[in-house]
$ cat my_file_10.txt   # compact mmCIF, C-alpha atoms and all ligand atoms
# COMPACT_ATOMS: atom_id res chain seq x y z
CA MET A 17 -56.63 -15.81 37.02
CA LEU A 18 -52.95 -15.52 37.90
CA LEU A 19 -52.54 -11.89 36.92
CA GLU A 20 -55.53 -10.04 38.32
CA ASN A 21 -57.48 -7.39 36.49
CA LYS A 22 -56.02 -3.97 37.23
CA ASN A 23 -56.50 -0.39 36.18
CA SER A 24 -53.74 2.13 35.85
CA ARG A 25 -54.00 5.84 36.57
CA ILE A 26 -54.19 8.61 34.01
CA GLN A 27 -52.21 11.84 34.34
CA GLN A 28 -52.45 15.04 32.35
CA ILE A 29 -49.14 16.02 30.82
CA HIS A 30 -47.84 19.55 31.20
CA PHE A 31 -44.86 19.93 28.91
CA SER A 32 -43.36 23.26 27.78
CA GLU A 33 -43.02 22.25 24.11
CA ILE A 34 -46.78 21.86 23.69
CA GLU A 35 -48.01 24.56 26.02
CA ASN A 36 -50.80 26.68 24.48
CA SER A 37 -51.23 24.21 21.63
CA GLY A 38 -54.95 23.91 22.33
CA VAL A 39 -54.56 20.14 22.45
CA SER A 40 -54.62 18.28 25.76
CA LEU A 41 -52.40 15.29 26.33
CA PHE A 42 -52.86 12.56 28.93
CA ILE A 43 -50.92 9.40 29.70
CA LYS A 44 -52.16 6.07 31.02
CA ARG A 45 -49.51 4.69 33.35
CA GLU A 46 -49.53 1.00 32.41
CA ASP A 47 -45.87 1.04 33.39
CA GLU A 48 -47.08 1.09 37.01
CA LEU A 49 -49.18 -2.09 36.78
CA HIS A 50 -46.48 -4.32 38.22
CA PRO A 51 -42.88 -3.72 39.32
CA PHE A 52 -41.41 -6.42 37.04
CA ILE A 53 -44.13 -7.54 34.61
CA SER A 54 -44.41 -4.10 33.18
CA GLY A 55 -47.02 -2.38 31.07
CA ASN A 56 -48.38 -4.17 28.08
CA LYS A 57 -46.42 -7.34 28.89
CA TYR A 58 -48.66 -7.77 31.94
CA ARG A 59 -51.73 -7.49 29.69
CA LYS A 60 -50.24 -9.86 27.12
CA LEU A 61 -49.23 -12.53 29.60
CA LYS A 62 -52.45 -12.51 31.60
CA TYR A 63 -54.57 -14.84 29.45
CA ASN A 64 -51.54 -16.78 28.28
CA LEU A 65 -50.75 -17.71 31.88
CA ALA A 66 -54.38 -18.69 32.40
CA GLU A 67 -54.22 -20.87 29.29
CA ALA A 68 -50.94 -22.47 30.37
CA ALA A 69 -52.55 -23.32 33.72
CA LYS A 70 -55.62 -24.71 31.97
CA GLN A 71 -53.38 -26.92 29.82
CA GLN A 72 -51.51 -27.92 33.00
CA LYS A 73 -48.16 -26.83 31.59
CA SER A 74 -45.38 -26.26 34.06
CA THR A 75 -42.94 -24.61 31.63
CA LEU A 76 -43.19 -21.42 29.56
CA LEU A 77 -40.93 -21.14 26.53
CA THR A 78 -40.55 -17.91 24.64
CA PHE A 79 -38.29 -15.91 22.31
CA GLY A 80 -36.60 -12.54 22.35
CA GLY A 81 -33.58 -10.34 21.88
CA ALA A 82 -31.03 -9.92 24.64
CA TYR A 83 -32.64 -6.69 25.92
CA SER A 84 -36.25 -7.75 25.46
CA ASN A 85 -38.89 -6.45 27.86
CA HIS A 86 -40.90 -9.56 27.09
CA ILE A 87 -38.05 -11.86 28.17
CA ALA A 88 -37.75 -9.97 31.48
CA ALA A 89 -41.52 -10.01 32.03
CA THR A 90 -41.88 -13.72 31.22
CA ALA A 91 -39.03 -14.62 33.59
CA ALA A 92 -40.66 -12.58 36.37
CA ALA A 93 -44.10 -14.08 35.73
CA GLY A 94 -42.74 -17.63 35.75
CA PHE A 95 -40.81 -16.93 38.94
CA SER A 96 -43.93 -15.57 40.68
CA TYR A 97 -46.17 -18.46 39.64
CA ASN A 98 -43.79 -21.39 39.92
CA LEU A 99 -43.48 -22.02 36.23
CA LYS A 100 -40.18 -22.97 34.68
CA THR A 101 -39.16 -20.48 31.97
CA ILE A 102 -36.96 -21.02 28.93
CA GLY A 103 -35.82 -18.05 26.85
CA ILE A 104 -34.67 -18.63 23.28
CA ILE A 105 -32.38 -15.64 22.82
CA ARG A 106 -31.24 -14.20 19.48
CA GLY A 107 -27.44 -14.20 19.06
CA ASP A 108 -25.36 -17.35 19.56
CA GLU A 109 -22.22 -15.24 20.14
CA LEU A 110 -23.72 -14.35 23.53
CA ALA A 111 -23.18 -17.92 24.71
CA ASN A 112 -19.39 -17.77 24.18
CA ASN A 113 -18.82 -16.37 27.61
CA LEU A 114 -22.15 -16.79 29.35
CA ALA A 115 -21.12 -15.53 32.77
CA GLU A 116 -19.75 -12.33 31.27
CA THR A 117 -22.75 -11.89 28.96
CA VAL A 118 -25.19 -12.17 31.86
CA GLN A 119 -23.10 -9.92 34.09
CA ASN A 120 -22.99 -7.18 31.45
CA ASN A 121 -26.61 -7.35 30.37
CA PRO A 122 -29.16 -6.08 32.92
CA THR A 123 -32.08 -7.80 31.16
CA LEU A 124 -30.46 -11.24 30.99
CA LYS A 125 -29.12 -10.79 34.52
CA PHE A 126 -32.62 -10.09 35.77
CA ALA A 127 -34.10 -13.02 33.84
CA SER A 128 -31.36 -15.34 35.06
CA GLU A 129 -31.95 -14.25 38.67
CA HIS A 130 -35.58 -15.19 38.11
CA ASN A 131 -34.51 -18.69 37.07
CA MET A 132 -34.97 -18.37 33.31
CA GLN A 133 -32.96 -20.93 31.40
CA PHE A 134 -31.41 -19.54 28.20
CA GLU A 135 -30.85 -21.09 24.82
CA PHE A 136 -28.84 -18.83 22.54
CA VAL A 137 -29.41 -19.33 18.82
CA SER A 138 -27.87 -17.81 15.72
CA ARG A 139 -29.70 -15.03 13.93
CA GLU A 140 -30.41 -17.44 11.05
CA ALA A 141 -31.89 -20.07 13.35
CA TYR A 142 -33.86 -17.39 15.18
CA ARG A 143 -35.58 -16.43 11.96
CA GLU A 144 -36.91 -20.01 11.70
CA LYS A 145 -38.39 -19.94 15.17
CA THR A 146 -42.02 -20.25 14.11
CA THR A 147 -41.49 -23.28 11.86
CA PRO A 148 -42.78 -26.71 13.00
CA GLU A 149 -39.27 -28.20 12.58
CA PHE A 150 -37.71 -25.66 14.91
CA ILE A 151 -40.42 -26.14 17.52
CA LYS A 152 -40.14 -29.92 17.25
CA LYS A 153 -36.41 -29.65 18.01
CA LEU A 154 -37.19 -27.50 21.03
CA LYS A 155 -39.68 -30.12 22.30
CA GLU A 156 -37.04 -32.83 21.87
CA LYS A 157 -34.59 -30.77 23.85
CA PHE A 158 -36.77 -29.29 26.59
CA GLY A 159 -39.80 -31.57 26.82
CA ASP A 160 -43.33 -30.25 26.96
CA PHE A 161 -43.92 -26.49 27.27
CA TYR A 162 -46.43 -23.72 26.72
CA LEU A 163 -45.16 -21.60 23.86
CA VAL A 164 -45.49 -17.84 24.12
CA PRO A 165 -44.60 -16.22 20.77
CA GLU A 166 -41.96 -13.50 20.37
CA GLY A 167 -43.13 -10.30 22.04
CA GLY A 168 -45.94 -12.33 23.59
CA THR A 169 -48.33 -11.65 20.72
CA ASN A 170 -51.17 -14.07 20.03
CA ASN A 171 -54.95 -14.03 20.44
CA PHE A 172 -54.69 -14.37 24.22
CA ALA A 173 -52.37 -11.36 24.30
CA VAL A 174 -54.73 -9.26 22.21
CA LYS A 175 -57.59 -10.22 24.53
CA GLY A 176 -55.54 -8.97 27.49
CA CYS A 177 -54.75 -5.71 25.70
CA GLU A 178 -58.47 -5.14 25.15
CA GLU A 179 -58.50 -4.39 28.90
CA ILE A 180 -56.10 -1.41 28.67
CA LEU A 181 -58.90 1.03 27.85
CA THR A 182 -61.54 1.13 30.55
CA LEU A 183 -64.79 2.84 31.40
CA GLY A 184 -64.22 6.58 31.43
CA ASP A 185 -61.64 6.51 28.64
CA GLU A 186 -64.38 7.34 26.10
CA LYS A 187 -63.66 10.99 26.75
CA TYR A 188 -60.42 10.84 24.79
CA ASP A 189 -60.52 11.39 21.03
CA ILE A 190 -57.22 9.80 20.04
CA ILE A 191 -55.43 6.87 21.66
CA CYS A 192 -51.69 6.62 20.95
CA CYS A 193 -49.55 3.55 21.46
CA ALA A 194 -46.05 2.34 20.61
CA VAL A 195 -45.96 -0.65 18.26
CA GLY A 196 -43.56 -3.59 18.12
CA THR A 197 -45.35 -6.72 16.94
CA GLY A 198 -48.75 -5.01 16.87
CA GLY A 199 -50.49 -7.10 19.54
CA THR A 200 -51.04 -4.23 21.93
CA ILE A 201 -52.52 -1.79 19.46
CA SER A 202 -54.75 -4.58 18.12
CA GLY A 203 -56.33 -4.94 21.56
CA ILE A 204 -56.72 -1.19 21.79
CA ILE A 205 -58.36 -1.00 18.35
CA ASN A 206 -60.80 -3.73 19.36
CA SER A 207 -61.85 -1.78 22.42
CA LEU A 208 -62.14 1.68 20.84
CA ASN A 209 -65.35 3.58 21.14
CA ARG A 210 -67.11 4.50 17.91
CA HIS A 211 -65.87 8.11 17.90
CA GLN A 212 -62.25 7.30 18.84
CA LYS A 213 -59.18 6.79 16.70
CA ALA A 214 -55.97 4.92 17.47
CA ILE A 215 -52.56 5.95 16.18
CA GLY A 216 -49.71 3.47 16.43
CA PHE A 217 -46.06 4.52 16.40
CA PRO A 218 -43.93 1.62 15.14
CA ALA A 219 -40.59 1.33 16.93
CA LEU A 220 -39.05 -0.44 13.95
CA LYS A 221 -38.84 -0.18 10.19
CA GLY A 222 -40.85 -2.23 7.75
CA ASP A 223 -44.41 -2.38 6.49
CA PHE A 224 -45.44 -5.84 7.65
CA LEU A 225 -47.24 -4.37 10.67
CA GLN A 226 -50.39 -3.24 8.88
CA HIS A 227 -50.91 -6.86 7.84
CA GLU A 228 -50.06 -8.27 11.29
CA ILE A 229 -52.56 -6.00 12.96
CA ASN A 230 -55.27 -6.85 10.44
CA ASN A 231 -55.01 -10.48 11.61
CA TYR A 232 -56.07 -9.52 15.10
CA ILE A 233 -58.62 -6.77 14.77
CA LEU A 234 -62.37 -6.99 14.41
CA LYS A 235 -62.87 -3.60 12.76
CA SER A 236 -60.68 -2.15 10.08
CA GLU A 237 -61.26 1.58 10.37
CA ASN A 238 -60.43 4.09 13.06
CA TRP A 239 -56.74 3.42 13.22
CA SER A 240 -53.51 4.24 11.46
CA LEU A 241 -49.77 3.83 11.86
CA ASN A 242 -47.38 6.76 11.81
CA THR A 243 -44.09 5.35 10.58
CA ASN A 244 -42.05 8.57 10.86
CA TYR A 245 -40.65 8.08 14.33
CA HIS A 246 -38.70 4.80 14.39
CA PHE A 247 -35.37 6.68 14.55
CA GLY A 248 -33.63 4.34 12.13
CA GLY A 249 -34.97 1.05 13.43
CA TYR A 250 -35.52 -1.18 16.40
CA ALA A 251 -33.54 -0.04 19.48
CA LYS A 252 -31.79 2.64 17.41
CA VAL A 253 -31.58 5.99 19.15
CA SER A 254 -30.31 9.48 18.39
CA GLU A 255 -29.00 12.24 20.59
CA GLU A 256 -32.18 14.19 19.83
CA LEU A 257 -34.30 11.33 21.19
CA ILE A 258 -32.25 10.94 24.37
CA THR A 259 -32.36 14.71 24.95
CA PHE A 260 -36.13 14.63 24.50
CA ILE A 261 -36.60 11.75 26.95
CA ASN A 262 -34.51 13.57 29.57
CA LYS A 263 -36.30 16.88 29.08
CA PHE A 264 -39.70 15.17 29.23
CA LYS A 265 -38.78 13.44 32.47
CA SER A 266 -37.34 16.53 34.11
CA GLU A 267 -40.52 18.53 33.38
CA THR A 268 -43.20 15.86 33.91
CA LYS A 269 -41.46 13.39 36.25
CA ILE A 270 -42.56 10.65 33.85
CA PRO A 271 -39.80 8.28 32.70
CA LEU A 272 -39.93 7.00 29.11
CA ASP A 273 -37.99 4.11 27.63
CA PRO A 274 -35.76 4.65 24.58
CA VAL A 275 -37.09 1.75 22.48
CA TYR A 276 -40.85 2.31 22.51
CA THR A 277 -42.52 4.96 24.64
CA GLY A 278 -39.82 7.60 24.09
CA LYS A 279 -40.27 7.38 20.32
CA MET A 280 -44.07 7.42 20.61
CA MET A 281 -44.03 10.50 22.84
CA PHE A 282 -41.51 12.26 20.60
CA GLY A 283 -43.89 11.59 17.71
CA ILE A 284 -46.98 12.84 19.56
CA VAL A 285 -45.25 16.05 20.67
CA ASP A 286 -43.88 16.62 17.16
CA LEU A 287 -47.34 16.15 15.62
CA ILE A 288 -48.90 18.54 18.15
CA LYS A 289 -46.21 21.15 17.41
CA ASN A 290 -47.00 20.80 13.71
CA ASP A 291 -50.73 21.34 14.27
CA PHE A 292 -51.63 17.84 13.16
CA PHE A 293 -54.49 17.68 15.66
CA LYS A 294 -57.51 19.99 15.79
CA LYS A 295 -57.69 22.39 18.73
CA GLY A 296 -59.62 20.86 21.59
CA THR A 297 -58.49 17.30 20.78
CA LYS A 298 -57.95 15.12 23.83
CA ILE A 299 -55.13 12.62 23.32
CA LEU A 300 -54.48 9.62 25.55
CA ALA A 301 -51.02 8.09 25.22
CA ILE A 302 -50.49 4.61 26.62
CA HIS A 303 -47.34 4.21 28.69
CA THR A 304 -46.62 0.58 27.82
CA GLY A 305 -43.68 0.31 30.26
CA GLY A 306 -40.31 -0.99 29.12
CA LEU A 307 -38.34 0.95 31.71
CA GLN A 308 -36.23 -2.11 32.51
CA GLY A 309 -34.48 -1.49 29.18
CA ILE A 310 -33.01 1.87 30.23
CA ASP A 311 -30.03 0.36 32.09
CA GLY A 312 -29.02 -1.75 29.11
CA MET A 313 -29.30 1.22 26.75
CA ASN A 314 -27.26 3.39 29.11
CA LEU A 315 -24.42 0.86 29.17
CA PHE A 316 -24.41 0.98 25.37
CA LEU A 317 -24.49 4.81 25.30
CA LYS A 318 -21.72 5.02 27.86
CA LYS A 319 -19.50 2.74 25.80
CA LYS A 320 -20.05 5.06 22.82
CA ASN A 321 -19.37 8.11 24.97
CA LEU A 322 -22.86 9.47 24.33
CA ALA A 323 -25.25 11.23 26.70
CA GLN A 324 -27.25 8.78 28.81
CA ILE A 325 -30.86 8.58 29.94
CA ALA A 326 -31.24 10.34 33.26
C1 LIG B 401 -43.24 -4.87 23.82
C2 LIG B 401 -43.50 -3.41 23.95
C3 LIG B 401 -44.26 -2.70 23.02
C4 LIG B 401 -44.76 -3.32 21.75
O1 LIG B 401 -45.91 -4.08 21.94
P1 LIG B 401 -46.47 -4.95 20.74
O2 LIG B 401 -47.67 -5.60 21.31
O3 LIG B 401 -45.40 -5.95 20.41
O4 LIG B 401 -46.74 -4.06 19.60
C5 LIG B 401 -44.53 -1.36 23.26
N1 LIG B 401 -44.03 -0.75 24.34
C6 LIG B 401 -43.27 -1.38 25.24
C7 LIG B 401 -42.72 -0.62 26.37
C8 LIG B 401 -42.98 -2.73 25.07
O5 LIG B 401 -42.20 -3.35 25.98
$ encode --input "my_file_10.txt" --output "structure tokens"
Amino acid sequence: MLLENKNSRIQQIHFSEIENSGVSLFIKREDELHPFISGNKYRKLKYNLAEAAKQQKSTLLTFGGAYSNHIAATAAAGFSYNLKTIGIIRGDELANNLAETVQNNPTLKFASEHNMQFEFVSREAYREKTTPEFIKKLKEKFGDFYLVPEGGTNNFAVKGCEEILTLGDEKYDIICCAVGTGGTISGIINSLNRHQKAIGFPALKGDFLQHEINNYILKSENWSLNTNYHFGGYAKVSEELITFINKFKSETKIPLDPVYTGKMMFGIVDLIKNDFFKKGTKILAIHTGGLQGIDGMNLFLKKKNLAQIA
């Protein structure tokens, strides 16, 4: 196994906004699993890397936006294990001045420094990325590769995410997780104990996720999505969210990312404040990582003259 089996630590959260709520909140620090292959991307790549090795592939090809945690993680994983990596990146305008694009984008800069080769495609072409024709063209251009889907989600990824919850985590009543493609929460749902419930906090708009998740899970109860905390859509932020992330970090010393874990934690705290959970409930939030995205978001916020993430 290229990525070894690891456990992350759990911390209790002491945060002024939910003091005396009668609910206890804990966080599983998956963000600390690896310095560059962070959080759930470590879990999602683990069995994919094993499968790529089994198939004797020497190249990983995957897809993502220009600030994608998955792109950064795949580049780092390939670099560590001597696999070539190709990133199909959404947005052909980014290729117009490649040197400048890479210089001004911390995620692409990191991936490029870890030898990822980029192919920038238009938003229209990107939408076709799962079609056989598109993949055939990629094979013609790049030769043979192991394909990791966008966000890393497939059955191997879900299997890896079934290892997030470990022995001892049965004591928590509710497991909370940020949701992008749904792969991570699917693994969590599959590994829930009978008395536990999972709540997913989608980081983007749309109601395709319920269906996506149903493709990967073995049981259909014990979980729900709370769609109230996407803040307008994927990678959209508000001043209220940034203020929350900064306050949370200053009190707890735990950094949150603005795209996923910040929105999840905002949602959990808001629900606790509104007495959504019974007194005595023990909640475990999964810190899925994503901290590499903070620099990119801060450059954007700075350009707009908005408060940045501390
Ligand atoms: C990718 C990512 C997610 C979403 O995971 P999915 O398996 O796509 O739902 C959540 N949190 C962070 C920090 C991520 O990078």
$ closest_atom_pairs --input "my_file_10.txt" --of "chain A" --to "ligand LIG 401 (chain B)" --cutoff "7 Å" --atoms "all atoms listed in the file" --output "Markdown table"
| residue | atom | partner | partner_atom | distance |
| --- | --- | --- | --- | --- |
| A:Gly55 | CA | B:LIG401 | C7 | 6.6 |
| A:Asn56 | CA | B:LIG401 | C8 | 6.3 |
| A:Lys57 | CA | B:LIG401 | C1 | 6.5 |
| A:Asn85 | CA | B:LIG401 | O5 | 4.9 |
| A:His86 | CA | B:LIG401 | C1 | 6.2 |
| A:Gly167 | CA | B:LIG401 | O3 | 5.2 |
| A:Thr169 | CA | B:LIG401 | O2 | 6.1 |
| A:Ala194 | CA | B:LIG401 | C5 | 4.8 |
| A:Val195 | CA | B:LIG401 | O4 | 3.7 |
| A:Gly196 | CA | B:LIG401 | O4 | 3.5 |
| A:Thr197 | CA | B:LIG401 | O3 | 3.6 |
| A:Gly198 | CA | B:LIG401 | O4 | 3.5 |
| A:Gly199 | CA | B:LIG401 | O2 | 3.7 |
| A:Thr200 | CA | B:LIG401 | O2 | 3.7 |
| A:Ile201 | CA | B:LIG401 | O4 | 6.2 |
| A:Asp273 | CA | B:LIG401 | C7 | 6.8 |
| A:Tyr276 | CA | B:LIG401 | N1 | 4.8 |
| A:Thr277 | CA | B:LIG401 | C7 | 5.8 |
| A:Thr304 | CA | B:LIG401 | C7 | 4.3 |
| A:Gly305 | CA | B:LIG401 | C7 | 4.1 |
| A:Gly306 | CA | B:LIG401 | C7 | 3.7 |
$ write_last_selection --input "my_file_10.txt" --atoms "C-alpha atoms" --output "tab-separated table (two decimals), in the frame of the given file"
chain	number	residue	atom	x	y	z
A	55	GLY	CA	-47.02	-2.38	31.07
A	56	ASN	CA	-48.38	-4.17	28.08
A	57	LYS	CA	-46.42	-7.34	28.89
A	85	ASN	CA	-38.89	-6.45	27.86
A	86	HIS	CA	-40.90	-9.56	27.09
A	167	GLY	CA	-43.13	-10.30	22.04
A	169	THR	CA	-48.33	-11.65	20.72
A	194	ALA	CA	-46.05	2.34	20.61
A	195	VAL	CA	-45.96	-0.65	18.26
A	196	GLY	CA	-43.56	-3.59	18.12
A	197	THR	CA	-45.35	-6.72	16.94
A	198	GLY	CA	-48.75	-5.01	16.87
A	199	GLY	CA	-50.49	-7.10	19.54
A	200	THR	CA	-51.04	-4.23	21.93
A	201	ILE	CA	-52.52	-1.79	19.46
A	273	ASP	CA	-37.99	4.11	27.63
A	276	TYR	CA	-40.85	2.31	22.51
A	277	THR	CA	-42.52	4.96	24.64
A	304	THR	CA	-46.62	0.58	27.82
A	305	GLY	CA	-43.68	0.31	30.26
A	306	GLY	CA	-40.31	-0.99	29.12
$ atom_distance --input "my_file_10.txt" --atom1 "atom CA of A:Asp311" --atom2 "atom CA of A:Leu99"
26.4 Å
$ atom_distance --input "my_file_10.txt" --atom1 "atom CA of A:Gln71" --atom2 "atom CA of A:Ala127"
24.1 Å
$ closest_residue --input "my_file_10.txt" --among "A:Ile191, A:Phe95, A:Phe264, A:Asn120" --to "A:Val285" --atoms "all atoms listed in the file"
A:Phe264
$ closest_residue --input "my_file_10.txt" --among "A:Pro218, A:Cys193, A:Thr101, A:Val174" --to "A:Asn206" --atoms "all atoms listed in the file"
A:Val174
$ residues_around --input "my_file_10.txt" --residues "A:Gly94" --least-positions-apart "4" --cutoff "10 Å" --atoms "all atoms listed in the file" --output "mmCIF file with C-alpha atoms, in the frame of the given file"
data_model
loop_
_atom_site.group_PDB
_atom_site.id
_atom_site.type_symbol
_atom_site.label_atom_id
_atom_site.label_comp_id
_atom_site.auth_asym_id
_atom_site.auth_seq_id
_atom_site.Cartn_x
_atom_site.Cartn_y
_atom_site.Cartn_z
ATOM 1 C CA LEU A 65 -50.750 -17.710 31.880
ATOM 2 C CA SER A 74 -45.380 -26.260 34.060
ATOM 3 C CA THR A 75 -42.940 -24.610 31.630
ATOM 4 C CA LEU A 76 -43.190 -21.420 29.560
ATOM 5 C CA ALA A 89 -41.520 -10.010 32.030
ATOM 6 C CA THR A 90 -41.880 -13.720 31.220
ATOM 7 C CA ASN A 98 -43.790 -21.390 39.920
ATOM 8 C CA LEU A 99 -43.480 -22.020 36.230
ATOM 9 C CA LYS A 100 -40.180 -22.970 34.680
ATOM 10 C CA THR A 101 -39.160 -20.480 31.970
ATOM 11 C CA ILE A 102 -36.960 -21.020 28.930
ATOM 12 C CA ALA A 127 -34.100 -13.020 33.840
ATOM 13 C CA HIS A 130 -35.580 -15.190 38.110
ATOM 14 C CA ASN A 131 -34.510 -18.690 37.070
ATOM 15 C CA MET A 132 -34.970 -18.370 33.310
#
$ closest_residue --input "my_file_10.txt" --among "A:Gly81, A:Tyr63, A:Asp223, A:Leu208" --to "A:Arg139" --atoms "all atoms listed in the file"
A:Gly81
$ residues_around --input "my_file_10.txt" --residues "A:Lys295" --least-positions-apart "3" --cutoff "9 Å" --atoms "only C-alpha atoms" --output "number ranges by chain"
A: 37-40, 291, 298
$ write_last_selection --input "my_file_10.txt" --atoms "C-alpha atoms" --output "compact mmCIF listing (two decimals), in the coordinates of the input"
# COMPACT_ATOMS: atom_id res chain seq x y z
CA SER A 37 -51.23 24.21 21.63
CA GLY A 38 -54.95 23.91 22.33
CA VAL A 39 -54.56 20.14 22.45
CA SER A 40 -54.62 18.28 25.76
CA ASP A 291 -50.73 21.34 14.27
CA LYS A 298 -57.95 15.12 23.83
$ residues_near_point --input "my_file_10.txt" --point "(-50.1, 9.7, 25.9)" --cutoff "10 Å" --atoms "only C-alpha atoms" --output "PDB file with C-alpha atoms, in the coordinates of the input"
ATOM      1  CA  ILE A  26     -54.190   8.610  34.010  1.00  0.00           C
ATOM      2  CA  GLN A  27     -52.210  11.840  34.340  1.00  0.00           C
ATOM      3  CA  GLN A  28     -52.450  15.040  32.350  1.00  0.00           C
ATOM      4  CA  ILE A  29     -49.140  16.020  30.820  1.00  0.00           C
ATOM      5  CA  SER A  40     -54.620  18.280  25.760  1.00  0.00           C
ATOM      6  CA  LEU A  41     -52.400  15.290  26.330  1.00  0.00           C
ATOM      7  CA  PHE A  42     -52.860  12.560  28.930  1.00  0.00           C
ATOM      8  CA  ILE A  43     -50.920   9.400  29.700  1.00  0.00           C
ATOM      9  CA  LYS A  44     -52.160   6.070  31.020  1.00  0.00           C
ATOM     10  CA  ARG A  45     -49.510   4.690  33.350  1.00  0.00           C
ATOM     11  CA  ILE A 190     -57.220   9.800  20.040  1.00  0.00           C
ATOM     12  CA  ILE A 191     -55.430   6.870  21.660  1.00  0.00           C
ATOM     13  CA  CYS A 192     -51.690   6.620  20.950  1.00  0.00           C
ATOM     14  CA  CYS A 193     -49.550   3.550  21.460  1.00  0.00           C
ATOM     15  CA  ALA A 194     -46.050   2.340  20.610  1.00  0.00           C
ATOM     16  CA  THR A 277     -42.520   4.960  24.640  1.00  0.00           C
ATOM     17  CA  MET A 280     -44.070   7.420  20.610  1.00  0.00           C
ATOM     18  CA  MET A 281     -44.030  10.500  22.840  1.00  0.00           C
ATOM     19  CA  ILE A 284     -46.980  12.840  19.560  1.00  0.00           C
ATOM     20  CA  VAL A 285     -45.250  16.050  20.670  1.00  0.00           C
ATOM     21  CA  LYS A 298     -57.950  15.120  23.830  1.00  0.00           C
ATOM     22  CA  ILE A 299     -55.130  12.620  23.320  1.00  0.00           C
ATOM     23  CA  LEU A 300     -54.480   9.620  25.550  1.00  0.00           C
ATOM     24  CA  ALA A 301     -51.020   8.090  25.220  1.00  0.00           C
ATOM     25  CA  ILE A 302     -50.490   4.610  26.620  1.00  0.00           C
ATOM     26  CA  HIS A 303     -47.340   4.210  28.690  1.00  0.00           C
ATOM     27  CA  THR A 304     -46.620   0.580  27.820  1.00  0.00           C
TER      28      THR A 304
END
$ decode --input "my_file_10.txt" --residues "stretch 127-131 of chain A" --atoms "all heavy atoms" --output "PDB file, in the first residue's frame"
ATOM      1  N   ALA A 127       1.129  22.433  -7.733  1.00  0.00           N
ATOM      2  CA  ALA A 127       1.012  21.234  -8.580  1.00  0.00           C
ATOM      3  C   ALA A 127       2.126  21.218  -9.623  1.00  0.00           C
ATOM      4  O   ALA A 127       2.735  20.174  -9.890  1.00  0.00           O
ATOM      5  CB  ALA A 127      -0.358  21.201  -9.244  1.00  0.00           C
ATOM      6  N   SER A 128       2.410  22.375 -10.186  1.00  0.00           N
ATOM      7  CA  SER A 128       3.453  22.475 -11.203  1.00  0.00           C
ATOM      8  C   SER A 128       4.821  22.154 -10.598  1.00  0.00           C
ATOM      9  O   SER A 128       5.634  21.446 -11.201  1.00  0.00           O
ATOM     10  CB  SER A 128       3.402  23.885 -11.793  1.00  0.00           C
ATOM     11  OG  SER A 128       4.530  24.123 -12.567  1.00  0.00           O
ATOM     12  N   GLU A 129       5.066  22.636  -9.393  1.00  0.00           N
ATOM     13  CA  GLU A 129       6.334  22.329  -8.706  1.00  0.00           C
ATOM     14  C   GLU A 129       6.447  20.846  -8.373  1.00  0.00           C
ATOM     15  O   GLU A 129       7.533  20.342  -8.121  1.00  0.00           O
ATOM     16  CB  GLU A 129       6.454  23.156  -7.412  1.00  0.00           C
ATOM     17  CG  GLU A 129       6.807  24.611  -7.685  1.00  0.00           C
ATOM     18  CD  GLU A 129       6.557  25.527  -6.483  1.00  0.00           C
ATOM     19  OE1 GLU A 129       6.095  25.037  -5.433  1.00  0.00           O
ATOM     20  OE2 GLU A 129       6.805  26.739  -6.628  1.00  0.00           O
ATOM     21  N   HIS A 130       5.318  20.171  -8.347  1.00  0.00           N
ATOM     22  CA  HIS A 130       5.326  18.718  -8.128  1.00  0.00           C
ATOM     23  C   HIS A 130       5.108  17.980  -9.451  1.00  0.00           C
ATOM     24  O   HIS A 130       4.568  16.868  -9.472  1.00  0.00           O
ATOM     25  CB  HIS A 130       4.295  18.342  -7.062  1.00  0.00           C
ATOM     26  CG  HIS A 130       4.719  18.796  -5.697  1.00  0.00           C
ATOM     27  ND1 HIS A 130       4.632  20.122  -5.307  1.00  0.00           N
ATOM     28  CD2 HIS A 130       5.298  18.137  -4.667  1.00  0.00           C
ATOM     29  CE1 HIS A 130       5.123  20.230  -4.077  1.00  0.00           C
ATOM     30  NE2 HIS A 130       5.543  19.058  -3.672  1.00  0.00           N
ATOM     31  N   ASN A 131       5.555  18.640 -10.509  1.00  0.00           N
ATOM     32  CA  ASN A 131       5.674  18.023 -11.850  1.00  0.00           C
ATOM     33  C   ASN A 131       4.358  17.672 -12.531  1.00  0.00           C
ATOM     34  O   ASN A 131       4.359  16.888 -13.474  1.00  0.00           O
ATOM     35  CB  ASN A 131       6.550  16.762 -11.804  1.00  0.00           C
ATOM     36  CG  ASN A 131       7.983  17.102 -11.416  1.00  0.00           C
ATOM     37  OD1 ASN A 131       8.374  18.268 -11.440  1.00  0.00           O
ATOM     38  ND2 ASN A 131       8.748  16.089 -11.057  1.00  0.00           N
TER      39      ASN A 131
END
